[in-house]
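Trainee: So here's data15.tsv, just TSV, C-alpha atoms:
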```
chain	number	residue	atom	x	y	z
A	48	MET	CA	2.59	5.69	-18.81
A	49	ILE	CA	3.32	6.76	-15.23
A	50	ARG	CA	5.88	9.54	-15.59
A	51	ASN	CA	6.62	10.86	-12.09
A	52	LEU	CA	5.88	10.70	-8.36
A	53	LYS	CA	2.93	13.07	-8.71
A	54	ASN	CA	1.08	10.72	-11.07
A	55	THR	CA	-2.07	9.17	-9.66
A	56	THR	CA	-4.56	6.42	-10.31
A	57	THR	CA	-8.24	7.35	-10.02
A	58	LEU	CA	-10.18	5.13	-7.59
A	59	HIS	CA	-13.71	4.07	-8.53
A	60	ASN	CA	-15.16	6.92	-6.45
A	61	GLY	CA	-13.10	9.54	-8.32
A	62	VAL	CA	-10.45	10.07	-5.62
A	63	LYS	CA	-6.88	10.29	-6.92
A	64	MET	CA	-4.24	8.11	-5.26
A	65	PRO	CA	-0.48	8.33	-6.01
A	66	TRP	CA	1.01	5.28	-7.73
A	67	LEU	CA	4.09	5.30	-5.52
A	68	GLY	CA	4.32	6.00	-1.81
A	69	ILE	CA	6.35	5.20	1.29
A	70	GLY	CA	5.48	2.55	3.87
A	71	VAL	CA	6.59	2.63	7.52
A	72	PHE	CA	6.02	-0.95	8.67
A	73	LYS	CA	8.37	-1.87	11.55
A	74	VAL	CA	9.83	1.65	11.74
A	75	GLU	CA	9.74	2.56	15.44
A	76	GLU	CA	8.76	5.95	16.83
A	77	GLY	CA	11.73	8.31	16.92
A	78	PRO	CA	13.96	10.48	14.76
A	79	GLU	CA	14.60	7.75	12.14
A	80	LEU	CA	10.87	7.50	11.40
A	81	VAL	CA	10.29	11.26	11.38
A	82	ASN	CA	13.26	11.84	9.11
A	83	ALA	CA	12.27	9.05	6.70
A	84	VAL	CA	8.79	10.51	6.14
A	85	LYS	CA	10.21	14.02	5.87
A	86	PHE	CA	12.83	12.85	3.33
A	87	ALA	CA	10.02	11.27	1.30
A	88	ILE	CA	7.93	14.45	1.30
A	89	LYS	CA	10.99	16.54	0.46
A	90	HIS	CA	11.80	14.31	-2.51
A	91	GLY	CA	8.31	14.44	-3.96
A	92	TYR	CA	6.46	11.51	-2.39
A	93	ARG	CA	2.83	12.33	-1.73
A	94	SER	CA	1.56	9.03	-0.30
A	95	ILE	CA	2.31	7.76	3.22
A	96	ASP	CA	1.09	4.41	4.53
A	97	THR	CA	0.89	3.49	8.23
A	98	ALA	CA	-1.35	1.39	10.50
A	99	ALA	CA	-2.48	1.33	14.12
A	100	ILE	CA	-0.50	-1.87	14.80
A	101	TYR	CA	2.75	-0.24	13.61
A	102	GLU	CA	2.54	1.95	16.75
A	103	ASN	CA	4.14	4.87	14.93
A	104	GLU	CA	1.20	7.09	13.95
A	105	GLU	CA	2.31	9.91	16.26
A	106	GLY	CA	5.74	10.08	14.63
A	107	VAL	CA	4.20	9.91	11.17
A	108	GLY	CA	1.89	12.79	12.11
A	109	GLN	CA	4.81	14.86	13.40
A	110	ALA	CA	6.77	14.17	10.19
A	111	ILE	CA	3.78	15.18	8.05
A	112	ARG	CA	3.39	18.50	9.87
A	113	GLU	CA	7.11	19.29	9.71
A	114	GLY	CA	7.45	18.02	6.14
A	115	LEU	CA	4.51	20.06	4.83
A	116	ASP	CA	5.89	23.13	6.56
A	117	GLU	CA	9.41	22.68	5.20
A	118	VAL	CA	8.32	21.97	1.63
A	119	GLY	CA	5.52	24.52	1.67
A	120	ILE	CA	2.67	22.33	0.45
A	121	SER	CA	-0.83	21.81	1.84
A	122	ARG	CA	-2.25	18.76	3.60
A	123	GLU	CA	-4.58	18.25	0.62
A	124	GLU	CA	-1.57	17.38	-1.54
A	125	LEU	CA	-0.81	14.29	0.57
A	126	PHE	CA	-2.51	10.89	0.54
A	127	VAL	CA	-2.37	9.38	4.03
A	128	THR	CA	-3.45	5.80	4.81
A	129	SER	CA	-3.93	3.96	8.10
A	130	LYS	CA	-5.55	0.65	9.02
A	131	VAL	CA	-7.79	-0.73	11.76
A	132	TRP	CA	-6.24	-3.64	13.67
A	133	ASN	CA	-7.86	-7.04	14.23
A	134	SER	CA	-8.69	-6.50	17.91
A	135	ASP	CA	-10.70	-3.37	17.02
A	136	LEU	CA	-12.84	-4.94	14.31
A	137	GLY	CA	-16.51	-4.35	15.10
A	138	TYR	CA	-18.86	-1.46	14.36
A	139	GLU	CA	-18.35	0.85	17.35
A	140	SER	CA	-14.77	-0.28	17.99
A	141	THR	CA	-13.72	0.43	14.39
A	142	ILE	CA	-15.14	3.96	14.56
A	143	ALA	CA	-13.33	4.47	17.88
A	144	ALA	CA	-10.10	3.09	16.37
A	145	TYR	CA	-10.40	5.52	13.46
A	146	GLU	CA	-10.75	8.46	15.84
A	147	THR	CA	-7.72	7.24	17.83
A	148	SER	CA	-5.60	6.98	14.67
A	149	LEU	CA	-6.71	10.44	13.57
A	150	LYS	CA	-5.83	11.90	16.96
A	151	LYS	CA	-2.39	10.25	17.02
A	152	LEU	CA	-1.67	11.46	13.49
A	153	GLY	CA	-2.94	14.94	14.37
A	154	LEU	CA	-5.04	15.06	11.19
A	155	ASP	CA	-8.61	16.14	10.43
A	156	TYR	CA	-9.23	13.29	8.00
A	157	LEU	CA	-7.56	10.30	6.33
A	158	ASP	CA	-7.33	9.78	2.60
A	159	SER	CA	-7.79	6.05	2.98
A	160	TYR	CA	-8.64	3.74	5.84
A	161	LEU	CA	-8.33	-0.03	5.47
A	162	ILE	CA	-9.37	-3.18	7.34
A	163	HIS	CA	-5.93	-4.68	8.05
A	164	TRP	CA	-6.83	-8.42	7.96
A	165	PRO	CA	-9.98	-10.38	7.03
A	166	VAL	CA	-10.84	-11.71	10.48
A	167	GLU	CA	-13.75	-14.08	9.98
A	168	GLY	CA	-17.00	-12.99	11.59
A	169	LYS	CA	-15.67	-9.50	12.26
A	170	TYR	CA	-14.83	-7.76	9.00
A	171	LYS	CA	-18.43	-7.12	7.91
A	172	ASP	CA	-19.24	-5.06	11.02
A	173	ALA	CA	-15.96	-3.21	10.56
A	174	TRP	CA	-16.86	-2.54	6.93
A	175	ARG	CA	-20.22	-1.02	7.96
A	176	ALA	CA	-18.23	1.32	10.22
A	177	LEU	CA	-15.95	2.29	7.32
A	178	GLU	CA	-19.02	2.98	5.18
A	179	THR	CA	-20.33	5.27	7.93
A	180	LEU	CA	-17.02	7.14	8.18
A	181	TYR	CA	-16.98	7.49	4.40
A	182	LYS	CA	-20.56	8.79	4.20
A	183	GLU	CA	-19.79	11.31	6.94
A	184	GLY	CA	-16.86	12.62	4.90
A	185	LYS	CA	-14.26	11.63	7.50
A	186	VAL	CA	-12.27	9.54	5.03
A	187	LYS	CA	-11.86	10.00	1.27
A	188	ALA	CA	-11.58	6.31	0.37
A	189	ILE	CA	-12.16	3.01	2.17
A	190	GLY	CA	-10.66	-0.38	1.48
A	191	VAL	CA	-9.23	-3.61	2.76
A	192	SER	CA	-5.88	-5.28	3.16
A	193	ASN	CA	-4.89	-8.94	2.74
A	194	PHE	CA	-8.31	-9.92	1.36
A	195	GLN	CA	-8.43	-12.94	-0.93
A	196	VAL	CA	-11.12	-13.28	-3.61
A	197	HIS	CA	-13.52	-15.22	-1.38
A	198	HIS	CA	-13.25	-12.54	1.34
A	199	LEU	CA	-14.03	-9.82	-1.21
A	200	VAL	CA	-17.00	-11.75	-2.61
A	201	ASP	CA	-18.35	-12.30	0.92
A	202	LEU	CA	-17.86	-8.66	1.90
A	203	MET	CA	-19.45	-7.29	-1.28
A	204	LYS	CA	-22.58	-9.46	-0.84
A	205	ASP	CA	-23.78	-7.17	1.97
A	206	ALA	CA	-21.76	-4.00	1.37
A	207	GLU	CA	-23.41	-0.78	0.26
A	208	ILE	CA	-20.08	0.53	-0.99
A	209	LYS	CA	-17.49	-1.74	-2.58
A	210	PRO	CA	-13.87	-1.38	-1.45
A	211	MET	CA	-11.77	1.12	-3.38
A	212	ILE	CA	-8.42	-0.49	-2.47
A	213	ASN	CA	-7.08	-3.95	-1.60
A	214	GLN	CA	-3.55	-3.86	-0.21
A	215	VAL	CA	-1.85	-7.27	-0.36
A	216	GLU	CA	1.57	-8.88	-0.23
A	217	TYR	CA	2.70	-8.66	-3.85
A	218	HIS	CA	6.11	-9.27	-5.41
A	219	PRO	CA	7.65	-11.42	-8.18
A	220	ARG	CA	7.49	-14.54	-5.97
A	221	LEU	CA	3.80	-13.91	-5.13
A	222	THR	CA	1.99	-12.47	-8.12
A	223	GLN	CA	-1.59	-12.96	-6.77
A	224	LYS	CA	-3.01	-13.35	-10.28
A	225	GLU	CA	-6.51	-14.38	-9.15
A	226	VAL	CA	-6.78	-11.48	-6.70
A	227	GLN	CA	-5.41	-9.05	-9.27
A	228	ALA	CA	-7.89	-10.18	-11.95
A	229	PHE	CA	-10.84	-9.94	-9.55
A	230	CYS	CA	-9.82	-6.47	-8.35
A	231	HIS	CA	-9.34	-5.27	-11.93
A	232	LYS	CA	-12.78	-6.56	-12.93
A	233	HIS	CA	-14.46	-4.81	-9.98
A	234	GLU	CA	-12.43	-1.57	-10.19
A	235	ILE	CA	-10.73	-2.19	-6.84
A	236	GLN	CA	-7.20	-0.75	-6.89
A	237	LEU	CA	-4.58	-3.36	-6.01
A	238	GLU	CA	-1.73	-2.12	-3.82
A	239	ALA	CA	1.50	-3.94	-2.96
A	240	TRP	CA	3.02	-4.28	0.48
A	241	SER	CA	6.45	-5.88	0.82
A	242	PRO	CA	7.12	-5.34	-2.91
A	243	LEU	CA	10.81	-6.13	-2.38
A	244	MET	CA	10.01	-9.31	-0.38
A	245	HIS	CA	11.93	-8.02	2.66
A	246	GLY	CA	15.05	-7.83	0.52
A	247	GLN	CA	14.98	-11.54	-0.40
A	248	LEU	CA	14.94	-10.81	-4.14
A	249	LEU	CA	17.85	-8.41	-4.19
A	250	ASP	CA	20.35	-11.04	-5.35
A	251	ASN	CA	18.13	-12.77	-7.91
A	252	PRO	CA	20.17	-13.40	-11.10
A	253	ILE	CA	17.28	-12.87	-13.54
A	254	LEU	CA	16.34	-9.57	-11.91
A	255	GLN	CA	20.02	-8.60	-11.83
A	256	GLU	CA	20.36	-9.27	-15.54
A	257	ILE	CA	17.35	-7.05	-16.32
A	258	ALA	CA	18.66	-4.39	-13.92
A	259	ASN	CA	22.01	-4.35	-15.72
A	260	THR	CA	20.24	-3.67	-19.03
A	261	TYR	CA	18.88	-0.37	-17.69
A	262	ASN	CA	21.70	0.47	-15.28
A	263	LYS	CA	19.17	0.22	-12.44
A	264	THR	CA	19.00	-1.64	-9.13
A	265	ILE	CA	16.90	-4.78	-8.63
A	266	ALA	CA	14.63	-2.77	-6.30
A	267	GLN	CA	13.98	-0.26	-9.09
A	268	ILE	CA	13.18	-3.07	-11.55
A	269	ILE	CA	10.64	-4.61	-9.14
A	270	ILE	CA	8.97	-1.25	-8.44
A	271	ARG	CA	8.78	-0.55	-12.18
A	272	TRP	CA	7.26	-4.02	-12.74
A	273	ASP	CA	4.60	-3.25	-10.12
A	274	LEU	CA	3.70	0.05	-11.72
A	275	GLN	CA	3.51	-1.41	-15.22
A	276	ASN	CA	1.17	-4.05	-13.81
A	277	GLY	CA	-1.11	-1.28	-12.56
A	278	VAL	CA	-0.30	-1.94	-8.90
A	279	VAL	CA	0.13	0.93	-6.42
A	280	THR	CA	3.35	0.38	-4.48
A	281	ILE	CA	4.67	1.50	-1.07
A	282	PRO	CA	8.26	0.32	-0.56
A	283	LYS	CA	9.66	0.89	2.92
A	284	SER	CA	12.98	2.60	3.54
A	285	THR	CA	14.42	4.91	6.17
A	286	LYS	CA	17.56	5.93	4.27
A	287	GLU	CA	17.37	9.08	2.20
A	288	HIS	CA	19.39	7.73	-0.75
A	289	ARG	CA	17.17	4.62	-0.93
A	290	ILE	CA	13.99	6.71	-0.74
A	291	VAL	CA	15.27	8.75	-3.68
A	292	GLU	CA	16.45	5.62	-5.52
A	293	ASN	CA	13.08	3.87	-5.11
A	294	SER	CA	11.39	6.78	-6.87
A	295	ASN	CA	13.88	6.90	-9.74
A	296	VAL	CA	11.82	4.52	-11.88
A	297	PHE	CA	10.15	6.83	-14.37
A	298	ASP	CA	12.88	7.11	-17.01
A	299	PHE	CA	12.65	3.59	-18.45
A	300	GLU	CA	10.06	1.00	-19.40
A	301	LEU	CA	10.31	-2.80	-19.16
A	302	THR	CA	9.56	-4.75	-22.33
A	303	LYS	CA	6.71	-7.24	-22.55
A	304	GLU	CA	9.26	-10.07	-22.53
A	305	GLU	CA	10.99	-8.71	-19.39
A	306	MET	CA	7.62	-8.35	-17.67
A	307	GLN	CA	6.90	-12.01	-18.44
A	308	ARG	CA	10.33	-13.17	-17.24
A	309	ILE	CA	9.69	-11.46	-13.90
A	310	GLU	CA	6.17	-12.96	-13.79
A	311	GLN	CA	7.69	-16.44	-14.17
A	312	LEU	CA	9.55	-16.04	-10.87
A	313	ASN	CA	6.23	-16.62	-9.10
A	314	GLN	CA	6.23	-19.47	-6.54
A	315	ASN	CA	3.14	-18.38	-4.53
A	316	HIS	CA	5.66	-17.76	-1.77
A	317	ARG	CA	4.69	-15.49	1.14
A	318	VAL	CA	6.99	-13.67	3.54
A	319	GLY	CA	3.99	-12.50	5.57
A	320	PRO	CA	1.09	-14.46	7.06
A	321	ASP	CA	-1.38	-16.34	4.87
A	322	PRO	CA	-4.77	-14.57	5.17
A	323	ASP	CA	-6.52	-17.98	5.13
A	324	ASN	CA	-4.30	-19.55	7.81
A	325	PHE	CA	-3.51	-16.70	10.16
A	326	ASP	CA	-4.03	-16.93	13.93
A	327	PHE	CA	-5.99	-13.74	14.50
```
How does the structure come out when it is put into structure tokens?
Mentor:
Amino acid sequence: MIRNLKNTTTLHNGVKMPWLGIGVFKVEEGPELVNAVKFAIKHGYRSIDTAAIYENEEGVGQAIREGLDEVGISREELFVTSKVWNSDLGYESTIAAYETSLKKLGLDYLDSYLIHWPVEGKYKDAWRALETLYKEGKVKAIGVSNFQVHHLVDLMKDAEIKPMINQVEYHPRLTQKEVQAFCHKHEIQLEAWSPLMHGQLLDNPILQEIANTYNKTIAQIIIRWDLQNGVVTIPKSTKEHRIVENSNVFDFELTKEEMQRIEQLNQNHRVGPDPDNFDF
């Protein structure tokens, strides 16, 4: 059982990754962003997820430096993720994009670096670049984001190193069973973005009923469901009380029946783009 924010899953290459982190999608550069990441570090979060396209890596880097300093922990205790954007997919351009992200973040290395979307005809060259970065010790773990099973199969046909992580849209309305089963079989850690479905589930009566049982919020129930499904989760919030609340999920456990009730909410409904029908 996952007992606290420090608990980690071990990726197939032996690297440890926290089960729960903070995401910063759509959080603009500025004090709100810096404070959110610092709040998270202060309250025990050790995983921070950003991406080149979020255009906030500089603020995240500033927050990491200030947060580490204020809490008195080392860089090695954090797990920092960024992603290469579609327009930079290609061998040389991916390596250049990595260096740009590193420079903006002000870090010496990343803990994980992901291909953001499976752009056809481009992701294999980008993956070769990630393999190079990994072999050179510039990144601790490499992975993908938004890859469906057929993308993973195609990538792994020619890959020397299989992905360690696949970050996908994952919530009770989109349970991604096929992707989850494939990742489990191949020891690829599944990670959820938009676990709270942009807030669209926060008035669901079934989730509310389960939340009432434990005196928890719907958000906490969903995060707990993710973790019990073995899915790494990075809910986004900029408010300190929400950041604390999102991590207060280690003092209860959902029953098998409750897990199944949540599972039955699935409608294969996306709030983000469909990886197979996305205008890249």
Trainee: Using only C-alpha atoms, can you list as a ChimeraX atom specification the residues within 10 Å of (-5.6, -8.7, 17.5)?
Mentor: /A:100,132-136,164,166,326-327
Trainee: Residues at most 9 Å from Ser159 in chain A, counting all atoms listed in the file, excluding those fewer than 2 positions away in the same chain, as a VMD selection string?
Mentor: chain A and resid 126 to 130 156 to 157 161 186 to 190 211 to 212
Trainee: Deliver the residues from the most recent selection as a file, using C-alpha atoms, as a PDB file, keeping the file's coordinate frame.
Mentor:
```pdb
ATOM      1  CA  PHE A 126      -2.510  10.890   0.540  1.00  0.00           C
ATOM      2  CA  VAL A 127      -2.370   9.380   4.030  1.00  0.00           C
ATOM      3  CA  THR A 128      -3.450   5.800   4.810  1.00  0.00           C
ATOM      4  CA  SER A 129      -3.930   3.960   8.100  1.00  0.00           C
ATOM      5  CA  LYS A 130      -5.550   0.650   9.020  1.00  0.00           C
ATOM      6  CA  TYR A 156      -9.230  13.290   8.000  1.00  0.00           C
ATOM      7  CA  LEU A 157      -7.560  10.300   6.330  1.00  0.00           C
ATOM      8  CA  LEU A 161      -8.330  -0.030   5.470  1.00  0.00           C
ATOM      9  CA  VAL A 186     -12.270   9.540   5.030  1.00  0.00           C
ATOM     10  CA  LYS A 187     -11.860  10.000   1.270  1.00  0.00           C
ATOM     11  CA  ALA A 188     -11.580   6.310   0.370  1.00  0.00           C
ATOM     12  CA  ILE A 189     -12.160   3.010   2.170  1.00  0.00           C
ATOM     13  CA  GLY A 190     -10.660  -0.380   1.480  1.00  0.00           C
ATOM     14  CA  MET A 211     -11.770   1.120  -3.380  1.00  0.00           C
ATOM     15  CA  ILE A 212      -8.420  -0.490  -2.470  1.00  0.00           C
TER      16      ILE A 212
END
```
Trainee: What lies within 10 Å of Pro78 in chain A using only C-alpha atoms, ignoring chain neighbours under 3 positions off, as a short mmCIF file (atom, residue, chain, number, x, y, z; two decimals) with C-alpha atoms, in the coordinates of the input?
Mentor:
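And here's around.cif as it stands now:
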```cif
data_model
loop_
_atom_site.label_atom_id
_atom_site.label_comp_id
_atom_site.auth_asym_id
_atom_site.auth_seq_id
_atom_site.Cartn_x
_atom_site.Cartn_y
_atom_site.Cartn_z
CA GLU A 75 9.74 2.56 15.44
CA VAL A 81 10.29 11.26 11.38
CA ASN A 82 13.26 11.84 9.11
CA ALA A 83 12.27 9.05 6.70
CA GLY A 106 5.74 10.08 14.63
CA ALA A 110 6.77 14.17 10.19
#
```
Trainee: Which is closer to Asn60 in chain A than all the others in A:Thr285, A:Gln227, A:Gln236, A:Ser192, using all atoms listed in the file?
Mentor: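 So, comparing all the options, the nearest one is A:Gln236.
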Trainee: Skip range 309-322 of chain A itself and residues of its chain fewer than 5 positions away, then list as a count of residues only all residues within 9 Å of it, counting all atoms listed in the file.
Mentor: 22
Trainee: Taking into account all atoms listed in the file, which residue in the set A:Ala143, A:Glu124, A:Arg271, A:Gly277 is nearest to Glu234 in chain A?
Mentor: A:Gly277
Trainee: From the options A:Glu178, A:Glu104, A:Asp201, A:Glu292, which residue's atoms come nearest to Leu149 in chain A, counting only C-alpha atoms?
Mentor: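 Of all the options, A:Glu104 lies closest to Leu149 in chain A.
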Trainee: Report, in Å with one decimal, the straight-line distance from CA of Leu67 in chain A to CA of Asn324 in chain A.
Mentor: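 Going from CA of Leu67 in chain A over to CA of Asn324 in chain A covers 29.4 Å.
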Trainee: CA of Gly68 in chain A and CA of Asn293 in chain A are how many Å apart?
Mentor: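 Interatomic distance here is 9.6 Å.
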Trainee: Around all the atoms of range 128-136 of chain A listed in the file, with 4 Å of room on each side, what axis-aligned box do you get, giving centre and edge lengths in Å to one decimal, as lines of an AutoDock Vina configuration file?
Mentor:
```
center_x = -8.1
center_y = -0.6
center_z = 11.4
size_x = 17.4
size_y = 20.8
size_z = 21.1
```
Trainee: Can you pull out every residue within 8 Å of Glu238 in chain A, counting all atoms listed in the file, but drop anything in the same chain fewer than 3 positions away, and send it as a JSON list (two decimals) with C-alpha atoms, in the coordinates of the input?
Mentor:
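So the final result, stored in selection.json, reads:
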```json
[["chain", "number", "residue", "atom", "x", "y", "z"],
["A", 212, "ILE", "CA", -8.42, -0.49, -2.47],
["A", 213, "ASN", "CA", -7.08, -3.95, -1.60],
["A", 214, "GLN", "CA", -3.55, -3.86, -0.21],
["A", 215, "VAL", "CA", -1.85, -7.27, -0.36],
["A", 217, "TYR", "CA", 2.70, -8.66, -3.85],
["A", 278, "VAL", "CA", -0.30, -1.94, -8.90],
["A", 279, "VAL", "CA", 0.13, 0.93, -6.42],
["A", 280, "THR", "CA", 3.35, 0.38, -4.48],
["A", 281, "ILE", "CA", 4.67, 1.50, -1.07]]
```
